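**Q** Before I ask anything, here is the structure I am working with.
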Amino acid sequence: MNKIILPISVFTFLLLSFGGATTEAKVKTEVIPQNQFPSLMERAFLRSLDGTILDIMSNHGDNQLFEYGRIEKISGNDPYDVSLRVIGFEGAHNPPYKLIRLTIRIPGDKNPNYSVLSYSHRRISDKEFDKLTKYATYH
(Lines give C-alpha, C1' and ligand atoms only; values in the text may rest on other atoms or scores of the structure.)
Protein backbone atom coordinates (compact mmCIF):
# COMPACT_ATOMS: atom_id res chain seq x y z
CA MET A 1 0.00 0.00 0.00
CA ASN A 2 2.80 2.46 0.87
CA LYS A 3 4.46 1.65 -2.45
CA ILE A 4 1.41 3.06 -4.25
CA ILE A 5 0.69 6.06 -2.01
CA LEU A 6 4.21 7.50 -2.11
CA PRO A 7 4.46 7.70 -5.93
CA ILE A 8 0.93 9.12 -6.16
CA SER A 9 1.76 11.75 -3.54
CA VAL A 10 4.97 12.73 -5.31
CA PHE A 11 3.21 12.87 -8.70
CA THR A 12 0.40 15.01 -7.25
CA PHE A 13 2.89 17.38 -5.62
CA LEU A 14 4.83 17.80 -8.87
CA LEU A 15 1.67 18.26 -10.90
CA LEU A 16 0.34 20.93 -8.58
CA SER A 17 3.70 22.67 -8.25
CA PHE A 18 4.77 22.79 -11.88
CA GLY A 19 2.26 21.31 -14.27
CA GLY A 20 -0.93 23.03 -13.27
CA ALA A 21 0.23 26.62 -13.46
CA THR A 22 0.85 28.36 -16.75
CA THR A 23 3.63 30.88 -16.92
CA GLU A 24 3.51 33.87 -19.19
CA ALA A 25 6.55 35.75 -20.41
CA LYS A 26 7.05 38.94 -18.47
CA VAL A 27 6.35 42.08 -20.43
CA LYS A 28 9.43 44.24 -20.38
CA THR A 29 9.25 48.02 -20.50
CA GLU A 30 12.07 50.35 -21.36
CA VAL A 31 11.59 54.01 -20.53
CA ILE A 32 13.74 56.32 -22.62
CA PRO A 33 15.36 59.21 -20.67
CA GLN A 34 13.99 62.50 -21.94
CA ASN A 35 16.69 64.69 -20.39
CA GLN A 36 19.42 63.70 -22.83
CA PHE A 37 19.78 63.62 -26.58
CA PRO A 38 18.34 60.58 -28.35
CA SER A 39 20.64 57.71 -29.23
CA LEU A 40 21.50 56.80 -32.79
CA MET A 41 19.17 53.79 -32.46
CA GLU A 42 16.24 55.96 -31.31
CA ARG A 43 16.77 58.41 -34.18
CA ALA A 44 16.92 55.59 -36.74
CA PHE A 45 13.81 53.91 -35.32
CA LEU A 46 11.89 57.20 -35.36
CA ARG A 47 12.87 57.77 -38.97
CA SER A 48 11.57 54.33 -39.90
CA LEU A 49 8.21 55.27 -38.34
CA ASP A 50 7.84 58.59 -40.21
CA GLY A 51 5.28 57.31 -42.74
CA THR A 52 3.33 55.43 -40.08
CA ILE A 53 3.21 58.51 -37.84
CA LEU A 54 1.98 60.70 -40.73
CA ASP A 55 -0.74 58.13 -41.57
CA ILE A 56 -1.89 58.01 -37.96
CA MET A 57 -1.91 61.80 -37.66
CA SER A 58 -3.92 62.10 -40.87
CA ASN A 59 -6.43 59.47 -39.70
CA HIS A 60 -6.92 61.52 -36.51
CA GLY A 61 -7.54 64.81 -38.34
CA ASP A 62 -4.05 66.25 -37.98
CA ASN A 63 -3.20 66.91 -41.62
CA GLN A 64 0.13 68.53 -40.93
CA LEU A 65 3.81 67.74 -40.72
CA PHE A 66 5.81 67.04 -37.59
CA GLU A 67 9.31 67.25 -36.17
CA TYR A 68 11.13 66.89 -32.84
CA GLY A 69 10.15 63.27 -32.29
CA ARG A 70 10.99 61.34 -29.13
CA ILE A 71 10.27 57.78 -28.13
CA GLU A 72 9.10 57.81 -24.52
CA LYS A 73 8.85 54.08 -23.83
CA ILE A 74 8.71 50.68 -25.47
CA SER A 75 7.09 47.65 -23.90
CA GLY A 76 6.26 44.10 -24.89
CA ASN A 77 7.96 41.01 -26.17
CA ASP A 78 6.36 40.70 -29.64
CA PRO A 79 4.38 42.66 -30.60
CA TYR A 80 5.86 45.84 -29.15
CA ASP A 81 3.98 48.89 -27.91
CA VAL A 82 5.83 52.12 -28.68
CA SER A 83 4.82 55.37 -26.98
CA LEU A 84 6.19 58.49 -28.62
CA ARG A 85 5.61 62.17 -29.10
CA VAL A 86 6.10 64.58 -31.95
CA ILE A 87 5.48 68.29 -32.45
CA GLY A 88 3.08 69.06 -35.27
CA PHE A 89 3.20 72.36 -37.11
CA GLU A 90 1.35 74.22 -39.82
CA GLY A 91 3.08 76.39 -42.35
CA ALA A 92 6.77 77.15 -42.32
CA HIS A 93 7.73 75.47 -39.02
CA ASN A 94 6.03 78.27 -37.12
CA PRO A 95 3.49 78.35 -34.32
CA PRO A 96 0.90 77.28 -33.50
CA TYR A 97 2.54 74.05 -32.42
CA LYS A 98 0.73 70.91 -31.39
CA LEU A 99 2.03 68.21 -29.03
CA ILE A 100 0.96 64.84 -30.41
CA ARG A 101 1.35 61.73 -28.27
CA LEU A 102 0.61 58.28 -29.58
CA THR A 103 1.11 54.66 -28.72
CA ILE A 104 1.26 52.18 -31.55
CA ARG A 105 1.55 48.45 -31.54
CA ILE A 106 4.34 47.31 -33.85
CA PRO A 107 3.11 44.09 -35.44
CA GLY A 108 4.39 40.68 -34.54
CA ASP A 109 4.44 37.53 -36.60
CA LYS A 110 0.71 36.85 -36.23
CA ASN A 111 -0.58 40.29 -37.25
CA PRO A 112 1.29 42.18 -39.99
CA ASN A 113 -0.46 45.54 -39.41
CA TYR A 114 0.28 48.17 -36.79
CA SER A 115 -2.55 49.39 -34.59
CA VAL A 116 -3.08 52.63 -32.70
CA LEU A 117 -3.57 52.09 -28.97
CA SER A 118 -3.82 55.76 -27.99
CA TYR A 119 -3.68 59.17 -29.63
CA SER A 120 -3.89 62.66 -28.15
CA HIS A 121 -3.04 66.15 -29.30
CA ARG A 122 -3.11 69.65 -27.85
CA ARG A 123 -1.69 73.07 -28.59
CA ILE A 124 1.41 74.06 -26.67
CA SER A 125 2.92 77.40 -25.67
CA ASP A 126 6.28 78.68 -26.85
CA LYS A 127 7.70 77.97 -23.38
CA GLU A 128 6.51 74.34 -23.49
CA PHE A 129 7.79 74.03 -27.06
CA ASP A 130 11.26 75.11 -25.89
CA LYS A 131 11.20 72.58 -23.04
CA LEU A 132 10.02 69.68 -25.24
CA THR A 133 12.48 70.38 -28.03
CA LYS A 134 15.60 70.84 -25.89
CA TYR A 135 16.62 67.19 -26.34
CA ALA A 136 14.42 66.16 -29.26
CA THR A 137 15.32 64.93 -32.73
CA TYR A 138 14.90 67.51 -35.45
CA HIS A 139 13.81 66.20 -38.87
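To be explicit about the labels: the chains of the C-alpha coordinates are called A, B, and onward in the order shown, and within each one the residues are counted from 1, while ligands get numbers from 1 in the order they are shown.
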Would you mind listing what lies within 8 Å of segment 87-96 of chain A as a list in words, with only C-alpha atoms counted and same-chain residues fewer than 6 positions away left out?

**A** Gln64, Leu65, Phe66, Glu67, Tyr68, Gly69, Arg123, Ile124 and Asp126 of chain A

**Q** Within 10 Å of Leu117 of chain A, counting only C-alpha atoms, which residues qualify if same-chain residues fewer than 2 places away don't, as a list of chain:residue names?

**A**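 In the requested format, the answer is A:Asp81, A:Val82, A:Ser83, A:Leu102, A:Thr103, A:Ile104, A:Arg105, A:Tyr114, A:Ser115, A:Tyr119.
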
**Q** A:Ile100, A:Leu40, A:Ala136, A:Val27: which is nearest Ser118 of chain A, counting only C-alpha atoms?

**A**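 With only C-alpha atoms as the atom set, the closest residue is A:Ile100.
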
**Q** To one decimal place, how far is atom CA of Lys131 of chain A from atom CA of Gly76 of chain A in Å?

**A**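 These two atoms are separated by 29.0 Å.
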
**Q** If you run DSSP on this backbone, which residues of segment 46-129 of chain A come out as alpha helix (DSSP H), and could you give them as number ranges by chain?

**A** A: 46-48, 50-59, 126-129

**Q** Please, could you write that set of residues out with N, CA and C atoms as a PDB file, in the first residue's frame?

**A**
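Final output, again-v1.pdb:
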```pdb
ATOM      1  N   LEU A  46      12.871  56.153 -35.092  1.00  0.00           N
ATOM      2  CA  LEU A  46      11.889  57.200 -35.359  1.00  0.00           C
ATOM      3  C   LEU A  46      11.780  57.476 -36.858  1.00  0.00           C
ATOM      4  N   ARG A  47      12.910  57.529 -37.533  1.00  0.00           N
ATOM      5  CA  ARG A  47      12.872  57.771 -38.974  1.00  0.00           C
ATOM      6  C   ARG A  47      12.111  56.670 -39.700  1.00  0.00           C
ATOM      7  N   SER A  48      12.271  55.427 -39.251  1.00  0.00           N
ATOM      8  CA  SER A  48      11.568  54.327 -39.903  1.00  0.00           C
ATOM      9  C   SER A  48      10.056  54.399 -39.673  1.00  0.00           C
ATOM     10  N   ASP A  50       8.354  57.334 -39.670  1.00  0.00           N
ATOM     11  CA  ASP A  50       7.836  58.586 -40.212  1.00  0.00           C
ATOM     12  C   ASP A  50       6.525  58.412 -40.984  1.00  0.00           C
ATOM     13  N   GLY A  51       6.496  57.512 -41.936  1.00  0.00           N
ATOM     14  CA  GLY A  51       5.280  57.309 -42.743  1.00  0.00           C
ATOM     15  C   GLY A  51       4.117  56.828 -41.906  1.00  0.00           C
ATOM     16  N   THR A  52       4.379  55.947 -40.972  1.00  0.00           N
ATOM     17  CA  THR A  52       3.335  55.432 -40.078  1.00  0.00           C
ATOM     18  C   THR A  52       2.772  56.561 -39.224  1.00  0.00           C
ATOM     19  N   ILE A  53       3.649  57.388 -38.680  1.00  0.00           N
ATOM     20  CA  ILE A  53       3.205  58.511 -37.842  1.00  0.00           C
ATOM     21  C   ILE A  53       2.346  59.471 -38.662  1.00  0.00           C
ATOM     22  N   LEU A  54       2.780  59.801 -39.872  1.00  0.00           N
ATOM     23  CA  LEU A  54       1.981  60.697 -40.730  1.00  0.00           C
ATOM     24  C   LEU A  54       0.614  60.096 -41.036  1.00  0.00           C
ATOM     25  N   ASP A  55       0.549  58.801 -41.319  1.00  0.00           N
ATOM     26  CA  ASP A  55      -0.736  58.134 -41.567  1.00  0.00           C
ATOM     27  C   ASP A  55      -1.644  58.233 -40.351  1.00  0.00           C
ATOM     28  N   ILE A  56      -1.089  57.961 -39.190  1.00  0.00           N
ATOM     29  CA  ILE A  56      -1.887  58.006 -37.958  1.00  0.00           C
ATOM     30  C   ILE A  56      -2.386  59.424 -37.703  1.00  0.00           C
ATOM     31  N   MET A  57      -1.505  60.414 -37.858  1.00  0.00           N
ATOM     32  CA  MET A  57      -1.914  61.803 -37.664  1.00  0.00           C
ATOM     33  C   MET A  57      -3.043  62.170 -38.619  1.00  0.00           C
ATOM     34  N   SER A  58      -2.897  61.798 -39.861  1.00  0.00           N
ATOM     35  CA  SER A  58      -3.921  62.104 -40.867  1.00  0.00           C
ATOM     36  C   SER A  58      -5.254  61.440 -40.516  1.00  0.00           C
ATOM     37  N   ASN A  59      -5.208  60.189 -40.079  1.00  0.00           N
ATOM     38  CA  ASN A  59      -6.431  59.469 -39.698  1.00  0.00           C
ATOM     39  C   ASN A  59      -7.110  60.073 -38.469  1.00  0.00           C
ATOM     40  N   ASP A 126       4.874  78.565 -26.441  1.00  0.00           N
ATOM     41  CA  ASP A 126       6.280  78.678 -26.849  1.00  0.00           C
ATOM     42  C   ASP A 126       7.218  78.164 -25.765  1.00  0.00           C
ATOM     43  N   LYS A 127       6.871  78.421 -24.502  1.00  0.00           N
ATOM     44  CA  LYS A 127       7.699  77.967 -23.380  1.00  0.00           C
ATOM     45  C   LYS A 127       7.719  76.437 -23.331  1.00  0.00           C
ATOM     46  N   GLU A 128       6.557  75.798 -23.497  1.00  0.00           N
ATOM     47  CA  GLU A 128       6.507  74.338 -23.493  1.00  0.00           C
ATOM     48  C   GLU A 128       7.218  73.764 -24.718  1.00  0.00           C
ATOM     49  N   PHE A 129       7.084  74.440 -25.852  1.00  0.00           N
ATOM     50  CA  PHE A 129       7.795  74.026 -27.060  1.00  0.00           C
ATOM     51  C   PHE A 129       9.297  73.993 -26.805  1.00  0.00           C
TER      52      PHE A 129
END
```

**Q** Can you tell me how far atom CA of Val86 of chain A sits from atom CA of Leu99 of chain A, in Å to one decimal?

**A**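 Separating atom CA of Val86 of chain A from atom CA of Leu99 of chain A is a distance of 6.2 Å.
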
**Q** Between atom CA of Leu84 of chain A and atom CA of Ile32 of chain A, what is the distance in Å, rounded to a tenth?

**A**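 Atom CA of Ile32 of chain A lies at a distance of 9.9 Å from atom CA of Leu84 of chain A.
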